[in-house]
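Below: the structure, in structure tokens.
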Amino acid sequence: MAEEQIAAIPRTVSALIERDGAVLLVQEQAPGDLEPTWMLPGGRVEDGEPPEAALRRELAEETGLRLVSLPRLAFSVTISAMLDDLVGEWEALTYVCEVDGALAPADPDGLILSAAWVARDEALASLEAVEWYDSAPLRAFLAGTSPSGSRYRYALTGRRGAATRSVVELVGPNGT
């Protein structure tokens with residue numbers, strides 16, 4: 001068992017941004033991570049903060065880009081975690097975004113190492129390498145087999161570095 005239990009993130013947002021067959025990813029490394037990972041830009045929704053405002057803030061910090069229109073909910077995922085150092089449930093919202101500006105990450109937390117446009121297949125492969133992230137909802141959305149606003153659920157069990165994900169389950173056709 002880990003030395004200290006931490007609360008699960010109640011809600012996170014991420015941006016799905018495509019341009020010329022590429023997806024925007026950020027390379028991040030948190031303290032304690034052995035290696036950096038590539039993820040969709042995004043992060044925590046602060047208490048009382050609307051998800052769209054959190055998305056706007058996180059995009060600016062992690063990529064230097066700004067939203068140019070209202071983001072559209074692609075899908076949401078409820079994740080139940082029973083890991084050695086992470087226990088609880090949170091919701092991850094992924095939005096389709098249109099952006100403007102030049103890539104210039106300025107993450108105040110110092111977790112973002114870089115941002116880059118990555119070919120769609122390579123981006124999906126990078127996301128699949130992240131232990132806690134299940135790319136099935138993203139793949140279904142990008143393939144057009146899952147409508148905007150679909151809701152999913154999965155569970156993480158075990159311990160970090162050896163976690164097991166349950167099969168992603170579609171729980172509803174509409175978003176939050």
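Each chain in the structure tokens gets a letter, A, B, ..., in the order shown, and its residues are numbered from 1; ligands are numbered from 1 in order too.
Secondary structure by DSSP on the backbone puts the following residues of stretch 35-111 of chain A in helix (DSSP H, G or I): Pro51, Glu52, Ala53, Ala54, Leu55, Arg56, Arg57, Glu58, Leu59, Ala60, Glu61, Glu62 and Thr63 of chain A.
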Those selected residues, please, written with all heavy atoms and delivered as a compact mmCIF listing (two decimals), in the first residue's frame.
# COMPACT_ATOMS: atom_id res chain seq x y z
N PRO A 51 -16.62 23.67 -17.09
CA PRO A 51 -15.66 22.88 -17.88
C PRO A 51 -15.08 23.64 -19.06
O PRO A 51 -13.89 23.52 -19.35
CB PRO A 51 -16.48 21.67 -18.33
CG PRO A 51 -17.55 21.53 -17.31
CD PRO A 51 -17.87 22.93 -16.87
N GLU A 52 -15.90 24.43 -19.76
CA GLU A 52 -15.40 25.17 -20.92
C GLU A 52 -14.34 26.20 -20.51
O GLU A 52 -13.39 26.43 -21.25
CB GLU A 52 -16.55 25.85 -21.67
CG GLU A 52 -17.49 24.88 -22.35
CD GLU A 52 -18.54 24.27 -21.41
OE1 GLU A 52 -18.62 24.67 -20.21
OE2 GLU A 52 -19.28 23.38 -21.86
N ALA A 53 -14.51 26.81 -19.34
CA ALA A 53 -13.51 27.76 -18.85
C ALA A 53 -12.21 27.04 -18.49
O ALA A 53 -11.11 27.53 -18.77
CB ALA A 53 -14.04 28.53 -17.64
N ALA A 54 -12.33 25.87 -17.89
CA ALA A 54 -11.14 25.07 -17.57
C ALA A 54 -10.41 24.67 -18.84
O ALA A 54 -9.18 24.72 -18.91
CB ALA A 54 -11.53 23.83 -16.77
N LEU A 55 -11.17 24.30 -19.86
CA LEU A 55 -10.58 23.91 -21.14
C LEU A 55 -9.82 25.08 -21.75
O LEU A 55 -8.68 24.93 -22.20
CB LEU A 55 -11.68 23.44 -22.09
CG LEU A 55 -11.23 22.84 -23.40
CD1 LEU A 55 -10.43 21.56 -23.17
CD2 LEU A 55 -12.44 22.55 -24.27
N ARG A 56 -10.42 26.25 -21.74
CA ARG A 56 -9.78 27.46 -22.27
C ARG A 56 -8.46 27.74 -21.52
O ARG A 56 -7.43 28.00 -22.11
CB ARG A 56 -10.74 28.64 -22.13
CG ARG A 56 -10.27 29.92 -22.75
CD ARG A 56 -11.34 31.02 -22.67
NE ARG A 56 -12.64 30.60 -23.15
CZ ARG A 56 -13.01 30.57 -24.43
NH1 ARG A 56 -12.16 30.95 -25.36
NH2 ARG A 56 -14.21 30.17 -24.78
N ARG A 57 -8.50 27.65 -20.20
CA ARG A 57 -7.33 27.90 -19.35
C ARG A 57 -6.23 26.88 -19.61
O ARG A 57 -5.07 27.23 -19.83
CB ARG A 57 -7.75 27.89 -17.88
CG ARG A 57 -6.60 28.02 -16.89
CD ARG A 57 -7.09 28.01 -15.44
NE ARG A 57 -8.00 26.93 -15.10
CZ ARG A 57 -7.65 25.67 -14.89
NH1 ARG A 57 -6.38 25.29 -15.01
NH2 ARG A 57 -8.54 24.75 -14.55
N GLU A 58 -6.60 25.60 -19.60
CA GLU A 58 -5.61 24.54 -19.79
C GLU A 58 -4.98 24.60 -21.18
O GLU A 58 -3.78 24.40 -21.32
CB GLU A 58 -6.25 23.17 -19.55
CG GLU A 58 -6.62 22.90 -18.10
CD GLU A 58 -5.43 22.66 -17.20
OE1 GLU A 58 -4.30 22.44 -17.70
OE2 GLU A 58 -5.61 22.70 -15.98
N LEU A 59 -5.79 24.88 -22.19
CA LEU A 59 -5.25 25.00 -23.55
C LEU A 59 -4.21 26.11 -23.63
O LEU A 59 -3.14 25.94 -24.23
CB LEU A 59 -6.38 25.30 -24.53
CG LEU A 59 -6.88 24.15 -25.38
CD1 LEU A 59 -8.05 24.58 -26.22
CD2 LEU A 59 -5.80 23.55 -26.21
N ALA A 60 -4.54 27.26 -23.06
CA ALA A 60 -3.61 28.39 -23.09
C ALA A 60 -2.31 28.04 -22.38
O ALA A 60 -1.21 28.32 -22.88
CB ALA A 60 -4.26 29.63 -22.47
N GLU A 61 -2.41 27.41 -21.21
CA GLU A 61 -1.21 27.07 -20.43
C GLU A 61 -0.36 26.01 -21.12
O GLU A 61 0.86 26.14 -21.19
CB GLU A 61 -1.61 26.55 -19.04
CG GLU A 61 -2.22 27.60 -18.14
CD GLU A 61 -2.74 27.02 -16.84
OE1 GLU A 61 -2.68 25.78 -16.63
OE2 GLU A 61 -3.22 27.81 -16.02
N GLU A 62 -1.01 24.97 -21.61
CA GLU A 62 -0.27 23.81 -22.12
C GLU A 62 0.18 23.94 -23.57
O GLU A 62 1.12 23.26 -23.98
CB GLU A 62 -1.10 22.54 -21.94
CG GLU A 62 -1.32 22.20 -20.48
CD GLU A 62 -1.99 20.86 -20.26
OE1 GLU A 62 -2.27 20.16 -21.24
OE2 GLU A 62 -2.23 20.54 -19.08
N THR A 63 -0.51 24.79 -24.35
CA THR A 63 -0.18 24.87 -25.77
C THR A 63 0.07 26.29 -26.27
O THR A 63 0.64 26.46 -27.34
CB THR A 63 -1.31 24.27 -26.64
OG1 THR A 63 -2.46 25.12 -26.58
CG2 THR A 63 -1.66 22.86 -26.19
Write out as a PyMOL selection string all residues of chain A that DSSP puts in strand (DSSP E or B) for this structure's backbone.
chain A and resi 6-7+11-16+18-19+22-28+37-39+42-44+66-67+72-83+86-96+99-100+112-119+150-158+164-165+169-172
Fewer than 6 positions away in the same chain doesn't count, so skip those; otherwise give me all residues within 8 Å of A:Val99, counting only C-alpha atoms, as a VMD selection string.
chain A and resid 17 65 to 69
Can you work out which one of A:Leu142, A:Val23, A:Ala136, A:Leu70 has the shortest atom-to-atom distance to A:Cys97, counting only C-alpha atoms?
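Among the listed residues, A:Leu70 lies closest to A:Cys97.
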Determine, counting only C-alpha atoms, which protein, DNA and RNA residues have an atom within 9 Å of an atom of A:Ala162; residues of the same chain fewer than 4 positions away are not included. Present the result as an mmCIF file with C-alpha atoms, in the first residue's frame.
data_model
loop_
_atom_site.group_PDB
_atom_site.id
_atom_site.type_symbol
_atom_site.label_atom_id
_atom_site.label_comp_id
_atom_site.auth_asym_id
_atom_site.auth_seq_id
_atom_site.Cartn_x
_atom_site.Cartn_y
_atom_site.Cartn_z
ATOM 1 C CA GLU A 131 -1.529 3.097 -18.419
ATOM 2 C CA THR A 157 -7.553 -1.674 -10.425
ATOM 3 C CA GLY A 158 -4.208 -2.864 -9.103
#
For A:Leu25, please output as JSON, numbers by chain all residues within 12 Å (counting only C-alpha atoms; exclusion window: fewer than 4 positions along the same chain).
{"A": [14, 15, 16, 17, 18, 19, 37, 38, 39, 40, 41, 42, 59, 62, 63, 103, 105, 112, 113, 114, 115, 116, 117, 118, 119, 120, 122, 123, 124, 125, 126, 127]}
Closest of A:Glu46, A:Asp100, A:Asp84, A:Asp121 to A:Arg11 - atom-to-atom distances counting only C-alpha atoms
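Closest candidate: A:Glu46.
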Using only C-alpha atoms, can you tell me which of A:Tyr95, A:Phe141, A:Trp90, A:Phe75 comes closest to A:Leu156?
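Going through A:Tyr95, A:Phe141, A:Trp90, A:Phe75 one by one, the smallest distance to A:Leu156 is for A:Trp90.
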Check the smallest atom-to-atom distance from each of A:Ala30, A:Ala81, A:Leu24, A:Val13 to A:Arg165 using only C-alpha atoms, then report the winner.
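Among the listed residues, A:Ala81 lies closest to A:Arg165.
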At a cut-off of 10 Å, using only C-alpha atoms, what residues contact A:Leu83? Leave out same-chain residues fewer than 2 positions from it and give the result as JSON, numbers by chain.
{"A": [1, 2, 5, 80, 81, 85, 86, 87, 88, 155, 156, 157, 158, 159, 160, 162, 163, 164]}
For the residues selected in the previous step, produce a file with all heavy atoms as a short mmCIF file (atom, residue, chain, number, x, y, z; two decimals), in the first residue's frame.
data_model
loop_
_atom_site.label_atom_id
_atom_site.label_comp_id
_atom_site.auth_asym_id
_atom_site.auth_seq_id
_atom_site.Cartn_x
_atom_site.Cartn_y
_atom_site.Cartn_z
N MET A 1 0.84 -1.18 0.00
CA MET A 1 0.00 0.00 0.00
C MET A 1 0.89 1.24 0.00
O MET A 1 1.91 1.28 0.66
CB MET A 1 -0.89 -0.04 1.24
CG MET A 1 -2.01 0.95 1.24
SD MET A 1 -3.22 0.53 -0.03
CE MET A 1 -4.69 0.95 0.80
N ALA A 2 0.48 2.25 -0.72
CA ALA A 2 1.25 3.49 -0.82
C ALA A 2 1.25 4.20 0.54
O ALA A 2 0.37 4.00 1.36
CB ALA A 2 0.66 4.41 -1.88
N GLN A 5 -2.76 8.08 0.67
CA GLN A 5 -3.89 8.02 -0.25
C GLN A 5 -4.18 9.43 -0.76
O GLN A 5 -4.14 10.38 0.01
CB GLN A 5 -5.14 7.49 0.46
CG GLN A 5 -5.01 6.06 0.92
CD GLN A 5 -5.22 5.09 -0.21
OE1 GLN A 5 -6.03 5.30 -1.07
NE2 GLN A 5 -4.45 4.01 -0.21
N SER A 80 -13.54 4.75 -12.53
CA SER A 80 -13.51 4.33 -11.13
C SER A 80 -12.14 3.72 -10.87
O SER A 80 -11.75 2.76 -11.54
CB SER A 80 -14.59 3.29 -10.85
OG SER A 80 -15.86 3.83 -11.08
N ALA A 81 -11.41 4.29 -9.92
CA ALA A 81 -10.05 3.83 -9.64
C ALA A 81 -9.98 3.15 -8.27
O ALA A 81 -10.52 3.67 -7.29
CB ALA A 81 -9.08 5.00 -9.67
N ASP A 85 -2.53 4.04 -4.85
CA ASP A 85 -2.41 5.44 -4.42
C ASP A 85 -3.50 6.34 -4.99
O ASP A 85 -3.42 7.55 -4.87
CB ASP A 85 -1.03 5.99 -4.80
CG ASP A 85 -0.82 6.04 -6.30
OD1 ASP A 85 -1.56 5.36 -7.03
OD2 ASP A 85 0.09 6.75 -6.75
N LEU A 86 -4.52 5.76 -5.60
CA LEU A 86 -5.59 6.55 -6.19
C LEU A 86 -6.89 5.77 -6.09
O LEU A 86 -7.04 4.73 -6.73
CB LEU A 86 -5.28 6.88 -7.66
CG LEU A 86 -6.31 7.70 -8.41
CD1 LEU A 86 -6.40 9.11 -7.82
CD2 LEU A 86 -5.93 7.79 -9.88
N VAL A 87 -7.79 6.26 -5.25
CA VAL A 87 -9.06 5.59 -5.02
C VAL A 87 -10.17 6.61 -5.19
O VAL A 87 -10.12 7.69 -4.59
CB VAL A 87 -9.13 4.96 -3.61
CG1 VAL A 87 -10.51 4.36 -3.35
CG2 VAL A 87 -8.03 3.93 -3.44
N GLY A 88 -11.12 6.32 -6.02
CA GLY A 88 -12.26 7.21 -6.19
C GLY A 88 -12.76 7.17 -7.62
O GLY A 88 -12.36 6.34 -8.42
N ALA A 155 -13.06 0.90 -15.27
CA ALA A 155 -12.45 0.85 -13.94
C ALA A 155 -10.97 0.55 -14.07
O ALA A 155 -10.54 -0.15 -14.99
CB ALA A 155 -13.12 -0.21 -13.08
N LEU A 156 -10.20 1.11 -13.14
CA LEU A 156 -8.77 0.83 -13.01
C LEU A 156 -8.56 0.14 -11.67
O LEU A 156 -9.04 0.63 -10.65
CB LEU A 156 -7.96 2.13 -13.00
CG LEU A 156 -7.84 2.90 -14.29
CD1 LEU A 156 -7.24 4.27 -14.01
CD2 LEU A 156 -6.99 2.15 -15.27
N THR A 157 -7.85 -0.98 -11.67
CA THR A 157 -7.55 -1.67 -10.42
C THR A 157 -6.09 -2.07 -10.41
O THR A 157 -5.42 -2.07 -11.44
CB THR A 157 -8.43 -2.94 -10.27
OG1 THR A 157 -8.23 -3.78 -11.42
CG2 THR A 157 -9.91 -2.58 -10.15
N GLY A 158 -5.59 -2.41 -9.23
CA GLY A 158 -4.21 -2.86 -9.10
C GLY A 158 -3.33 -1.80 -8.49
O GLY A 158 -3.71 -1.13 -7.54
N ARG A 159 -2.17 -1.64 -9.08
CA ARG A 159 -1.23 -0.62 -8.59
C ARG A 159 -0.61 0.07 -9.79
O ARG A 159 -0.58 -0.47 -10.90
CB ARG A 159 -0.16 -1.25 -7.70
CG ARG A 159 0.70 -2.27 -8.38
CD ARG A 159 1.73 -2.88 -7.40
NE ARG A 159 2.44 -3.95 -8.04
CZ ARG A 159 3.43 -3.80 -8.93
NH1 ARG A 159 3.84 -2.60 -9.26
NH2 ARG A 159 4.02 -4.84 -9.47
N ARG A 160 -0.10 1.26 -9.57
CA ARG A 160 0.53 2.00 -10.66
C ARG A 160 1.69 1.20 -11.21
O ARG A 160 2.45 0.60 -10.47
CB ARG A 160 1.01 3.37 -10.19
CG ARG A 160 -0.17 4.22 -9.78
CD ARG A 160 -0.04 5.58 -10.29
NE ARG A 160 -1.17 6.35 -9.73
CZ ARG A 160 -1.41 7.57 -10.04
NH1 ARG A 160 -0.63 8.20 -10.87
NH2 ARG A 160 -2.42 8.21 -9.51
N ALA A 162 1.26 -1.41 -12.88
CA ALA A 162 0.69 -2.73 -13.17
C ALA A 162 -0.82 -2.67 -13.02
O ALA A 162 -1.44 -3.60 -12.53
CB ALA A 162 1.28 -3.76 -12.21
N ALA A 163 -1.41 -1.58 -13.46
CA ALA A 163 -2.86 -1.42 -13.35
C ALA A 163 -3.57 -2.22 -14.44
O ALA A 163 -3.02 -2.47 -15.50
CB ALA A 163 -3.24 0.05 -13.46
N THR A 164 -4.80 -2.59 -14.13
CA THR A 164 -5.66 -3.29 -15.07
C THR A 164 -6.88 -2.42 -15.33
O THR A 164 -7.48 -1.90 -14.40
CB THR A 164 -6.11 -4.64 -14.48
OG1 THR A 164 -4.95 -5.42 -14.19
CG2 THR A 164 -7.01 -5.39 -15.46
#
Please report the interatomic distance between atom CA of A:Pro50 and atom CA of A:Arg151 in Å with one decimal.
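If I compute the distance from atom CA of A:Pro50 to atom CA of A:Arg151, I get 18.7 Å.
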Name the residues in contact with A:Leu111 at a cut-off of 10 Å, using only C-alpha atoms, excluding same-chain residues fewer than 4 positions from it; report them as an NGL selection string.
:A and (26-31 or 36 or 62 or 106-107)
Could you write those residues out with N, CA and C atoms, as a CSV table (one decimal), in the first residue's frame?
chain,number,residue,atom,x,y,z
A,26,VAL,N,0.3,16.9,-26.1
A,26,VAL,CA,1.3,17.5,-25.2
A,26,VAL,C,2.1,16.4,-24.5
A,27,GLN,N,3.4,16.7,-24.4
A,27,GLN,CA,4.3,15.7,-23.7
A,27,GLN,C,4.4,16.2,-22.2
A,28,GLU,N,4.0,15.3,-21.3
A,28,GLU,CA,4.0,15.7,-19.9
A,28,GLU,C,4.8,14.7,-19.0
A,29,GLN,N,5.3,15.2,-17.9
A,29,GLN,CA,5.9,14.4,-17.0
A,29,GLN,C,5.7,14.9,-15.6
A,30,ALA,N,4.9,14.2,-14.8
A,30,ALA,CA,4.7,14.6,-13.4
A,30,ALA,C,5.8,14.1,-12.5
A,31,PRO,N,5.9,14.7,-11.3
A,31,PRO,CA,6.9,14.2,-10.4
A,31,PRO,C,6.6,12.7,-10.1
A,36,PRO,N,8.2,10.5,-19.6
A,36,PRO,CA,7.1,11.4,-20.0
A,36,PRO,C,6.1,10.6,-20.9
A,62,GLU,N,-1.0,25.0,-21.6
A,62,GLU,CA,-0.3,23.8,-22.1
A,62,GLU,C,0.2,23.9,-23.6
A,106,ALA,N,3.3,27.2,-21.9
A,106,ALA,CA,3.8,28.0,-20.7
A,106,ALA,C,3.1,27.5,-19.5
A,107,ASP,N,3.2,26.2,-19.2
A,107,ASP,CA,2.6,25.5,-18.1
A,107,ASP,C,3.1,26.0,-16.7
d(atom CA of A:Thr78, atom CA of A:Ala92) in Å:
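Computing it gives 6.4 Å between the two atoms.
Take atom CA of A:Gly172 and atom CA of A:Glu89: the distance between them is 17.6 Å.
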